[in-house]
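Coordinates as given in work.cif (mmCIF, C-alpha atoms and all ligand atoms):
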```
data_structure
#
loop_
_atom_site.label_atom_id
_atom_site.label_comp_id
_atom_site.auth_asym_id
_atom_site.auth_seq_id
_atom_site.Cartn_x
_atom_site.Cartn_y
_atom_site.Cartn_z
CA MET A 286 -30.95 -26.38 86.65
CA LYS A 287 -29.12 -24.09 84.22
CA GLN A 288 -28.18 -20.75 85.77
CA TYR A 289 -29.84 -17.90 83.91
CA VAL A 290 -29.37 -14.18 84.16
CA TYR A 291 -32.98 -13.12 84.53
CA ALA A 292 -33.44 -9.54 83.35
CA ASP A 293 -37.10 -9.62 82.33
CA ASN A 294 -38.71 -8.51 85.58
CA ALA A 295 -41.31 -6.42 83.76
CA ALA A 296 -42.63 -9.69 82.28
CA THR A 297 -42.79 -11.46 85.62
CA THR A 298 -40.81 -11.71 88.86
CA LYS A 299 -39.46 -14.44 91.08
CA MET A 300 -41.75 -15.13 94.00
CA ASP A 301 -40.46 -13.94 97.36
CA LYS A 302 -39.68 -16.64 99.92
CA VAL A 303 -41.86 -14.84 102.48
CA ALA A 304 -44.77 -14.97 100.05
CA TYR A 305 -44.16 -18.63 99.26
CA GLU A 306 -44.01 -19.53 102.93
CA ALA A 307 -47.09 -17.47 103.78
CA MET A 308 -49.21 -19.25 101.17
CA ALA A 309 -47.99 -22.81 101.88
CA PRO A 310 -50.38 -23.69 104.78
CA TYR A 311 -53.42 -22.84 102.63
CA PHE A 312 -52.88 -25.80 100.28
CA LEU A 313 -52.65 -28.85 102.51
CA GLU A 314 -53.78 -27.67 105.93
CA GLU A 315 -55.99 -24.58 105.93
CA TYR A 316 -57.81 -25.37 102.69
CA GLY A 317 -61.33 -24.48 103.90
CA ASN A 318 -63.63 -22.36 101.76
CA ALA A 319 -63.64 -18.85 103.26
CA SER A 320 -67.38 -18.53 102.60
CA GLN A 321 -68.33 -21.35 104.97
CA SER A 322 -69.36 -20.59 108.54
CA TYR A 323 -67.86 -23.61 110.36
CA ALA A 324 -64.77 -23.35 112.55
CA PHE A 325 -62.47 -24.97 109.96
CA SER A 326 -62.95 -21.99 107.66
CA ARG A 327 -62.09 -19.42 110.28
CA THR A 328 -58.36 -19.32 109.48
CA PRO A 329 -58.73 -18.86 105.68
CA LYS A 330 -61.48 -16.29 106.29
CA LYS A 331 -59.21 -14.40 108.68
CA ALA A 332 -56.32 -14.65 106.20
CA LEU A 333 -58.50 -13.15 103.47
CA LYS A 334 -59.50 -10.25 105.71
CA GLU A 335 -55.93 -9.62 106.80
CA ALA A 336 -54.62 -9.79 103.22
CA ARG A 337 -57.17 -7.15 102.18
CA GLU A 338 -56.12 -4.92 105.09
CA THR A 339 -52.42 -5.36 104.32
CA ILE A 340 -52.84 -4.57 100.63
CA ALA A 341 -55.05 -1.56 101.40
CA SER A 342 -52.48 -0.18 103.85
CA CYS A 343 -49.68 -0.59 101.28
CA ILE A 344 -51.43 1.72 98.79
CA GLY A 345 -53.22 4.08 101.19
CA ALA A 346 -56.70 2.62 100.54
CA PHE A 347 -59.51 1.38 102.80
CA PRO A 348 -59.82 -2.43 102.94
CA ASP A 349 -63.30 -2.39 101.39
CA GLU A 350 -61.87 -0.58 98.36
CA ILE A 351 -59.78 -3.64 97.39
CA TYR A 352 -61.32 -6.27 95.09
CA PHE A 353 -59.34 -9.43 94.40
CA THR A 354 -59.07 -10.50 90.76
CA SER A 355 -57.11 -12.97 88.63
CA GLY A 356 -54.52 -10.30 87.71
CA GLY A 357 -53.89 -7.12 85.80
CA THR A 358 -55.83 -8.16 82.70
CA GLU A 359 -59.02 -8.84 84.63
CA SER A 360 -58.66 -5.66 86.69
CA ASP A 361 -58.30 -3.55 83.52
CA ASN A 362 -61.25 -5.30 81.84
CA TRP A 363 -63.40 -4.78 84.91
CA ALA A 364 -62.59 -1.08 85.28
CA ILE A 365 -63.23 -0.21 81.62
CA LYS A 366 -66.15 -2.48 80.81
CA GLY A 367 -67.71 -1.92 84.23
CA VAL A 368 -67.87 1.85 83.76
CA ALA A 369 -68.87 1.72 80.07
CA THR A 370 -71.74 -0.70 80.60
CA SER A 371 -73.07 0.75 83.85
CA ASN A 372 -76.19 1.94 81.99
CA GLU A 373 -77.63 2.03 78.47
CA ARG A 374 -75.97 5.29 77.42
CA LYS A 375 -73.04 5.41 75.01
CA TYR A 376 -70.06 7.36 76.25
CA THR A 377 -66.63 8.59 75.28
CA ILE A 378 -63.71 6.81 76.92
CA ILE A 379 -60.29 8.43 76.75
CA THR A 380 -57.19 6.27 76.92
CA SER A 381 -53.70 6.41 75.44
CA SER A 382 -52.41 4.73 72.31
CA PHE A 383 -49.59 2.98 74.18
CA GLU A 384 -51.57 1.19 76.89
CA HIS A 385 -51.21 -2.52 77.54
CA HIS A 386 -53.48 -4.64 75.34
CA ALA A 387 -55.62 -5.47 78.38
CA VAL A 388 -56.78 -1.84 78.23
CA LEU A 389 -56.64 -1.35 74.46
CA HIS A 390 -58.60 -4.49 73.64
CA SER A 391 -61.17 -3.74 76.38
CA CYS A 392 -61.64 -0.36 74.72
CA THR A 393 -62.02 -1.99 71.30
CA ALA A 394 -64.71 -4.26 72.75
CA MET A 395 -66.53 -1.18 74.09
CA GLU A 396 -66.21 0.53 70.71
CA LYS A 397 -68.07 -2.43 69.19
CA LEU A 398 -70.90 -1.75 71.66
CA GLY A 399 -71.17 1.81 70.34
CA HIS A 400 -68.90 3.74 72.71
CA HIS A 401 -66.51 6.31 71.31
CA ILE A 402 -62.83 5.83 72.17
CA VAL A 403 -60.24 8.60 72.04
CA TYR A 404 -56.57 7.56 72.02
CA LEU A 405 -54.17 10.16 73.42
CA LYS A 406 -50.79 10.19 71.74
CA PRO A 407 -47.75 10.24 74.02
CA GLU A 408 -44.88 12.67 73.52
CA LYS A 409 -41.67 11.21 72.05
CA THR A 410 -40.44 10.92 75.64
CA GLY A 411 -43.30 8.54 76.42
CA GLU A 412 -45.32 10.97 78.50
CA ILE A 413 -49.00 11.79 78.16
CA SER A 414 -49.26 15.55 78.40
CA PRO A 415 -52.02 16.88 80.69
CA ASN A 416 -52.69 19.58 78.06
CA VAL A 417 -53.52 16.92 75.48
CA LEU A 418 -56.05 15.40 77.87
CA LYS A 419 -57.51 18.87 78.60
CA ARG A 420 -58.10 19.36 74.87
CA GLU A 421 -59.87 16.04 74.39
CA ILE A 422 -62.07 15.75 77.47
CA THR A 423 -65.72 16.72 76.89
CA GLU A 424 -69.15 16.54 78.53
CA ASP A 425 -69.61 13.08 76.95
CA THR A 426 -66.49 11.61 78.53
CA LYS A 427 -67.27 9.02 81.17
CA LEU A 428 -63.84 7.55 81.86
CA VAL A 429 -60.17 8.35 81.41
CA SER A 430 -57.78 5.39 81.62
CA VAL A 431 -54.05 6.13 81.46
CA MET A 432 -51.37 3.72 82.63
CA TYR A 433 -49.14 4.72 85.56
CA ALA A 434 -45.96 3.54 83.81
CA ASN A 435 -45.49 2.04 80.41
CA ASN A 436 -44.47 -1.62 80.42
CA GLU A 437 -42.19 -1.40 77.36
CA ILE A 438 -40.36 1.87 77.86
CA GLY A 439 -40.94 2.51 81.58
CA SER A 440 -42.08 6.14 81.27
CA ILE A 441 -43.99 7.29 84.34
CA GLN A 442 -47.09 9.40 83.74
CA PRO A 443 -48.22 12.55 85.59
CA ILE A 444 -51.15 10.65 87.09
CA LYS A 445 -52.15 13.24 89.69
CA ASP A 446 -52.34 16.01 87.05
CA LEU A 447 -54.31 13.77 84.69
CA SER A 448 -56.76 12.62 87.36
CA ASP A 449 -57.28 16.25 88.49
CA ILE A 450 -58.25 17.20 84.93
CA ALA A 451 -60.69 14.28 84.76
CA HIS A 452 -62.24 15.20 88.10
CA GLU A 453 -62.66 18.87 87.17
CA LYS A 454 -65.04 17.58 84.49
CA GLY A 455 -66.68 15.01 86.77
CA VAL A 456 -65.06 12.16 84.83
CA LEU A 457 -63.83 8.90 86.43
CA PHE A 458 -60.12 8.11 86.29
CA HIS A 459 -58.57 4.63 86.08
CA THR A 460 -54.89 3.80 85.99
CA ASP A 461 -53.23 0.52 85.07
CA ALA A 462 -50.49 0.48 87.72
CA VAL A 463 -49.40 -3.11 87.05
CA GLN A 464 -45.73 -2.14 86.56
CA VAL A 465 -45.70 0.28 89.47
CA VAL A 466 -47.37 -1.30 92.50
CA GLY A 467 -44.73 -2.71 94.84
CA HIS A 468 -41.97 -0.71 93.17
CA VAL A 469 -42.93 2.93 93.70
CA ASP A 470 -44.62 4.50 96.73
CA ILE A 471 -48.35 4.82 96.02
CA ASP A 472 -51.11 6.53 97.96
CA VAL A 473 -54.31 6.17 95.98
CA HIS A 474 -56.18 8.82 97.91
CA SER A 475 -53.61 11.56 97.44
CA LEU A 476 -53.09 10.41 93.83
CA GLY A 477 -56.82 10.99 93.32
CA VAL A 478 -57.49 7.93 91.16
CA ASP A 479 -60.90 6.26 91.21
CA MET A 480 -59.65 2.84 90.12
CA LEU A 481 -56.21 1.23 89.97
CA SER A 482 -55.19 -2.16 88.57
CA ALA A 483 -52.41 -4.31 90.03
CA SER A 484 -50.96 -7.75 89.41
CA ALA A 485 -49.20 -9.89 92.04
CA HIS A 486 -46.66 -11.57 89.74
CA LYS A 487 -45.10 -8.21 88.89
CA PHE A 488 -44.19 -7.62 92.54
CA ASN A 489 -42.90 -11.06 93.58
CA GLY A 490 -46.30 -12.59 94.30
CA MET A 491 -48.13 -15.38 92.51
CA LYS A 492 -49.20 -15.46 88.88
CA GLY A 493 -52.94 -15.36 88.20
CA CYS A 494 -53.69 -13.09 91.13
CA GLY A 495 -54.23 -9.33 91.36
CA PHE A 496 -56.56 -6.65 92.60
CA LEU A 497 -58.58 -3.68 91.52
CA TYR A 498 -58.73 -0.69 93.82
CA VAL A 499 -62.12 1.00 93.52
CA ARG A 500 -62.70 4.24 95.40
CA LYS A 501 -65.73 4.10 97.67
CA GLY A 502 -68.79 5.54 95.97
CA CYS A 503 -67.52 4.91 92.44
CA GLY A 504 -70.53 2.75 91.64
CA LEU A 505 -68.64 0.18 89.57
CA ILE A 506 -70.91 -2.62 88.41
CA PRO A 507 -70.15 -6.28 89.37
CA TYR A 508 -67.76 -8.15 87.09
CA ALA A 509 -68.77 -11.76 87.65
CA ASP A 510 -72.23 -12.95 88.68
CA GLY A 511 -72.65 -15.87 91.05
CA GLY A 512 -71.80 -16.11 94.73
CA ALA A 513 -71.50 -13.23 97.16
CA GLN A 514 -67.69 -13.07 97.24
CA GLU A 515 -65.95 -9.67 96.99
CA SER A 516 -69.06 -7.89 98.34
CA GLY A 517 -71.13 -9.49 95.58
CA SER A 518 -69.04 -7.79 92.88
CA ARG A 519 -66.77 -10.59 91.73
CA ALA A 520 -68.23 -14.02 92.32
CA GLY A 521 -66.09 -17.14 92.65
CA THR A 522 -64.32 -18.97 95.47
CA GLU A 523 -61.35 -16.90 96.50
CA ASN A 524 -57.79 -17.94 95.63
CA ILE A 525 -56.69 -17.82 99.27
CA PRO A 526 -53.07 -19.04 98.76
CA GLY A 527 -52.52 -16.56 95.93
CA ILE A 528 -54.12 -13.68 97.84
CA VAL A 529 -52.10 -14.44 101.00
CA ALA A 530 -48.90 -14.59 98.93
CA MET A 531 -49.81 -11.36 97.14
CA ALA A 532 -50.28 -9.51 100.45
CA ALA A 533 -47.00 -10.89 101.87
CA ALA A 534 -45.08 -9.99 98.70
CA LEU A 535 -46.53 -6.49 98.53
CA LYS A 536 -45.81 -5.81 102.19
CA ASN A 537 -42.27 -7.11 101.79
CA ASN A 538 -41.66 -4.89 98.77
CA CYS A 539 -43.26 -1.84 100.39
CA ASP A 540 -41.23 -2.36 103.59
CA HIS A 541 -38.04 -2.35 101.48
CA LEU A 542 -39.11 0.08 98.78
CA VAL A 543 -36.31 2.59 99.28
CA GLU A 544 -33.47 0.07 99.51
CA ASN A 545 -34.78 -1.98 96.56
CA SER A 546 -35.14 1.11 94.44
CA LYS A 547 -31.64 2.32 95.40
CA LYS A 548 -30.12 -1.04 94.53
CA ILE A 549 -31.93 -1.33 91.20
CA THR A 550 -31.17 2.28 90.25
CA SER A 551 -27.46 1.80 90.93
CA LEU A 552 -27.42 -1.40 88.84
CA GLU A 553 -29.16 0.52 86.07
CA SER A 554 -26.65 3.42 86.22
CA GLU A 555 -23.71 1.02 86.16
CA PHE A 556 -25.23 -0.87 83.23
CA LEU A 557 -25.72 2.33 81.23
CA ARG A 558 -22.23 3.56 82.13
CA MET A 559 -20.61 0.31 80.97
CA LEU A 560 -22.66 0.25 77.79
CA ALA A 561 -21.75 3.86 76.98
CA GLU A 562 -18.07 3.04 77.58
CA SER A 563 -18.25 0.21 75.06
CA ASN A 564 -18.86 2.75 72.27
CA ILE A 565 -21.83 0.82 70.92
CA PRO A 566 -24.27 3.43 69.55
CA PHE A 567 -27.67 3.29 71.29
CA VAL A 568 -30.55 5.45 72.50
CA ARG A 569 -32.57 4.94 75.62
CA ASN A 570 -36.35 5.30 75.23
CA GLY A 571 -38.84 6.58 77.79
CA GLY A 572 -37.58 10.04 78.70
CA LEU A 573 -36.05 11.09 82.00
CA HIS A 574 -38.71 9.82 84.39
CA THR A 575 -38.71 6.03 84.14
CA LEU A 576 -39.37 3.06 86.42
CA PRO A 577 -36.27 1.87 88.31
CA GLY A 578 -34.57 -0.86 86.28
CA LEU A 579 -36.78 -0.72 83.20
CA ILE A 580 -34.41 0.06 80.35
CA SER A 581 -35.64 0.22 76.77
CA LEU A 582 -32.68 0.48 74.40
CA SER A 583 -32.57 0.93 70.65
CA PHE A 584 -29.47 -0.04 68.69
CA PRO A 585 -29.69 1.61 65.24
CA GLY A 586 -29.54 -0.86 62.38
CA ALA A 587 -29.62 -3.90 64.70
CA ASP A 588 -32.34 -6.54 65.01
CA GLY A 589 -33.88 -6.69 68.51
CA GLU A 590 -35.28 -10.17 67.90
CA ALA A 591 -31.83 -11.48 66.92
CA ILE A 592 -30.25 -9.85 70.01
CA LEU A 593 -32.84 -11.55 72.20
CA HIS A 594 -32.08 -14.97 70.72
CA ARG A 595 -28.31 -14.50 70.89
CA LEU A 596 -28.56 -13.43 74.55
CA ASP A 597 -30.80 -16.42 75.19
CA LEU A 598 -28.00 -18.70 73.97
CA LEU A 599 -25.80 -17.05 76.61
CA GLY A 600 -28.45 -17.80 79.27
CA ILE A 601 -29.62 -14.18 79.49
CA CYS A 602 -33.36 -13.43 79.52
CA ILE A 603 -34.51 -10.07 78.18
CA SER A 604 -37.38 -9.00 75.99
CA THR A 605 -37.98 -7.07 72.80
CA GLY A 606 -41.27 -5.54 73.87
CA SER A 607 -43.96 -6.58 76.32
CA ALA A 608 -44.17 -10.27 77.26
CA CYS A 609 -47.54 -10.59 75.58
CA ASN A 610 -45.95 -9.43 72.35
CA SER A 611 -42.87 -11.61 72.22
CA GLN A 612 -44.37 -13.88 69.53
CA ASN A 613 -45.11 -10.88 67.42
CA THR A 614 -42.12 -9.65 65.47
CA GLU A 615 -43.87 -6.50 64.25
CA ILE A 616 -42.80 -3.17 65.70
CA SER A 617 -44.75 -2.72 68.88
CA HIS A 618 -47.62 -0.25 69.17
CA VAL A 619 -45.67 1.48 71.96
CA LEU A 620 -42.64 2.24 69.81
CA LYS A 621 -44.96 3.37 67.00
CA ALA A 622 -46.82 5.63 69.44
CA ILE A 623 -43.62 7.46 70.42
CA ASP A 624 -42.67 7.79 66.72
CA LEU A 625 -39.43 5.89 67.05
CA GLY A 626 -37.97 5.58 63.54
CA ASN A 627 -37.93 2.09 62.00
CA GLU A 628 -34.15 1.86 62.06
CA TYR A 629 -34.22 2.28 65.85
CA ALA A 630 -37.51 0.50 66.56
CA LYS A 631 -36.36 -2.76 64.93
CA GLY A 632 -33.24 -2.77 67.07
CA THR A 633 -35.08 -2.30 70.37
CA ILE A 634 -34.77 -4.50 73.43
CA ARG A 635 -36.14 -4.20 76.96
CA ILE A 636 -33.96 -5.05 79.92
CA SER A 637 -35.83 -5.00 83.21
CA LEU A 638 -33.72 -5.36 86.32
CA GLY A 639 -35.21 -6.38 89.64
CA LYS A 640 -34.21 -6.63 93.28
CA TYR A 641 -32.67 -10.09 92.80
CA ASN A 642 -30.25 -8.94 90.09
CA THR A 643 -26.58 -8.42 90.89
CA MET A 644 -23.65 -6.46 89.49
CA GLU A 645 -22.39 -9.72 88.03
CA ASP A 646 -25.65 -10.03 86.06
CA VAL A 647 -25.19 -6.53 84.73
CA GLU A 648 -21.61 -7.27 83.67
CA LYS A 649 -22.75 -10.43 81.87
CA ILE A 650 -25.49 -8.56 80.01
CA VAL A 651 -23.12 -5.80 78.89
CA SER A 652 -20.47 -8.29 77.82
CA GLY A 653 -23.10 -10.31 75.90
CA LEU A 654 -24.37 -7.19 74.15
CA LYS A 655 -20.84 -6.09 73.25
CA LYS A 656 -20.09 -9.47 71.73
CA ILE A 657 -23.34 -9.66 69.76
CA LEU A 658 -23.31 -6.08 68.51
CA ALA A 659 -19.63 -6.16 67.55
CA GLU A 660 -20.49 -8.97 65.16
N1 LIG B 701 -50.95 -4.08 82.34
C1 LIG B 701 -49.62 -3.94 82.22
C2 LIG B 701 -49.04 -2.56 82.16
C3 LIG B 701 -48.79 -5.06 82.15
O1 LIG B 701 -47.47 -4.90 82.01
C4 LIG B 701 -49.38 -6.35 82.19
C5 LIG B 701 -48.55 -7.55 82.03
O2 LIG B 701 -47.52 -7.55 81.39
C6 LIG B 701 -50.79 -6.44 82.35
C7 LIG B 701 -51.53 -5.28 82.41
C8 LIG B 701 -51.45 -7.77 82.46
O3 LIG B 701 -51.28 -8.29 83.75
P1 LIG B 701 -51.51 -9.84 84.04
O4 LIG B 701 -50.35 -10.56 83.47
O5 LIG B 701 -51.55 -9.94 85.54
O6 LIG B 701 -52.81 -10.20 83.44
#
```
Kindly present the structure from the file in structure tokens form.
Amino acid sequence: MKQYVYADNAATTKMDKVAYEAMAPYFLEEYGNASQSYAFSRTPKKALKEARETIASCIGAFPDEIYFTSGGTESDNWAIKGVATSNERKYTIITSSFEHHAVLHSCTAMEKLGHHIVYLKPEKTGEISPNVLKREITEDTKLVSVMYANNEIGSIQPIKDLSDIAHEKGVLFHTDAVQVVGHVDIDVHSLGVDMLSASAHKFNGMKGCGFLYVRKGCGLIPYADGGAQESGSRAGTENIPGIVAMAAALKNNCDHLVENSKKITSLESEFLRMLAESNIPFVRNGGLHTLPGLISLSFPGADGEAILHRLDLLGICISTGSACNSQNTEISHVLKAIDLGNEYAKGTIRISLGKYNTMEDVEKIVSGLKKILAE
């Protein structure tokens, strides 16, 4: 297999060996349905319970506050649509204009049902100001949904301040933490969020698997009708291998959070130092408080799409915007939201380093960029 430099960890990550090994027995040996009461199903049932406990302990939740889903998209859909359709009333939902499409399109769907959506505009630094939320929140607001960190520019949001403002008004608060879980220390109870979305493939687990944290007493309505799985809230036979792998991957990342973050941050600093030394003009987007390793760069007058393809020829994988947008050559809604001028926006790429990247990878990326941009 060709050796690639994989620097698109915000799109997806390599599965951890511990996760892969943990899930393996549940395919060919322990394949029983966890809902059955015979002895053969005891091991998968126990694995499901333990995975829920592990995941809960990694984010400071209670096990019965964790609901398994098919990933970040489903978790976001559930949180937003579940709150909006909990009764006949029409509400105001507040979100931000640079959310992932899983949130934005869920909001659009709710708008079609008669709900009113307010889109908060981020600062140029990519931060949602608590004062902007304070101005917009009213008696009619039912839900505020603001992402923990932006997937294109990496800016981390003041979630505790935002959720406090929501709660002062008795409003529920959801955060899409897909880019954050497994990479930054999270304690949902001290963060004060009512719901939080996560996706296993962003933290070295399996694709098509995730969870929604729902604070006890939130009263979220069921997402899928059918069997009694997930306390009757999300019917469907559980994806035991994926859930077991997700728990193992999350625990592994949380156990090594500090060292992973240190390693990724030092790769990032070295990358930026080398790039600055090369005298190629660029700006970094996302302000001062960004996710470790998520580097959004704009090269004025360049073409981000062309850079991506040229790096691809060198075996280097990066992205221009979010993975879901890579087919779309228009300037992303995120870059528009932070008012990045066209000259910069068109020349934007996203490099996302992860724990498996090395200094050699960083050197190859810088040398590739130098070569491409010099031409
Ligand atoms: N939310 C954010 C911030 C994301 O970055 C992504 C994926 O890129 C999603 C939601 C969707 O997650 P999934 O791929 O698990 O559906």
Best match for closeness to A:Gly367 among A:Lys487, A:Lys330, A:Lys299, A:Arg519, counting all atoms listed in the file
A:Arg519
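With only C-alpha atoms as the atoms that count, the residue of A:Val465, A:Leu573, A:Ile616, A:Met644 with the shortest distance to A:Lys548 is A:Met644.
For ligand LIG 701 (chain B), the protein and nucleic acid residues at most 6 Å away, judged by only C-alpha atoms and all ligand atoms, amount to A:Ala296, A:Gly356, A:Gly357, A:Thr358, A:His385, A:Ala387, A:Asn436, A:Asp461, A:Val463, A:Gln464, A:Ser484, A:Ala608.
For the pair atom CA of A:Tyr323 and atom CA of A:Gly495, the separation is 27.4 Å.
Those DNA, RNA and protein residues that approach the point (-70.5, -1.3, 89.7) to within 9 Å, considering all atoms listed in the file, are Gly367, Val368, Ser371, Cys503, Gly504, Leu505, Ile506, Pro507, Tyr508 and Ser518 of chain A.
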Got a moment to write stretch 490-498 of chain A out with all heavy atoms, as a short mmCIF file (atom, residue, chain, number, x, y, z; two decimals), in the first residue's frame?
```cif
data_model
loop_
_atom_site.label_atom_id
_atom_site.label_comp_id
_atom_site.auth_asym_id
_atom_site.auth_seq_id
_atom_site.Cartn_x
_atom_site.Cartn_y
_atom_site.Cartn_z
N GLY A 490 -12.15 5.66 17.01
CA GLY A 490 -13.10 4.55 17.10
C GLY A 490 -13.62 4.22 15.71
O GLY A 490 -12.99 4.57 14.70
N MET A 491 -14.79 3.56 15.68
CA MET A 491 -15.31 3.09 14.38
C MET A 491 -16.24 4.12 13.74
O MET A 491 -16.92 4.87 14.43
CB MET A 491 -16.06 1.79 14.60
CG MET A 491 -16.15 0.95 13.36
SD MET A 491 -16.89 -0.63 13.71
CE MET A 491 -18.50 -0.35 13.03
N LYS A 492 -16.26 4.11 12.43
CA LYS A 492 -17.19 4.99 11.70
C LYS A 492 -18.62 4.47 11.89
O LYS A 492 -18.82 3.28 12.07
CB LYS A 492 -16.81 5.04 10.23
CG LYS A 492 -15.48 5.74 10.01
CD LYS A 492 -14.93 5.52 8.62
CE LYS A 492 -13.57 6.15 8.44
NZ LYS A 492 -12.53 5.65 9.36
N GLY A 493 -19.58 5.38 11.82
CA GLY A 493 -20.99 4.95 11.94
C GLY A 493 -21.39 4.64 13.37
O GLY A 493 -22.27 3.81 13.60
N CYS A 494 -20.74 5.26 14.32
CA CYS A 494 -21.03 4.98 15.73
C CYS A 494 -20.78 6.26 16.53
O CYS A 494 -19.80 6.97 16.29
CB CYS A 494 -20.07 3.88 16.19
SG CYS A 494 -20.53 3.17 17.75
N GLY A 495 -21.67 6.58 17.44
CA GLY A 495 -21.49 7.78 18.25
C GLY A 495 -22.40 7.73 19.45
O GLY A 495 -22.97 6.69 19.77
N PHE A 496 -22.51 8.86 20.13
CA PHE A 496 -23.45 8.90 21.24
C PHE A 496 -23.97 10.32 21.45
O PHE A 496 -23.38 11.29 20.97
CB PHE A 496 -22.84 8.34 22.54
CG PHE A 496 -21.69 9.13 23.11
CD1 PHE A 496 -21.92 10.19 23.99
CD2 PHE A 496 -20.38 8.81 22.77
CE1 PHE A 496 -20.86 10.91 24.53
CE2 PHE A 496 -19.31 9.55 23.31
CZ PHE A 496 -19.55 10.59 24.19
N LEU A 497 -25.12 10.36 22.12
CA LEU A 497 -25.66 11.64 22.55
C LEU A 497 -25.73 11.59 24.07
O LEU A 497 -26.32 10.65 24.63
CB LEU A 497 -27.07 11.86 21.95
CG LEU A 497 -27.76 13.17 22.36
CD1 LEU A 497 -27.03 14.38 21.80
CD2 LEU A 497 -29.22 13.18 21.86
N TYR A 498 -25.10 12.56 24.71
CA TYR A 498 -25.26 12.69 26.16
C TYR A 498 -26.52 13.50 26.38
O TYR A 498 -26.71 14.55 25.74
CB TYR A 498 -24.04 13.42 26.77
CG TYR A 498 -24.37 14.10 28.08
CD1 TYR A 498 -24.45 13.37 29.26
CD2 TYR A 498 -24.65 15.46 28.12
CE1 TYR A 498 -24.80 13.99 30.46
CE2 TYR A 498 -25.00 16.09 29.31
CZ TYR A 498 -25.08 15.35 30.47
OH TYR A 498 -25.42 15.96 31.65
#
```
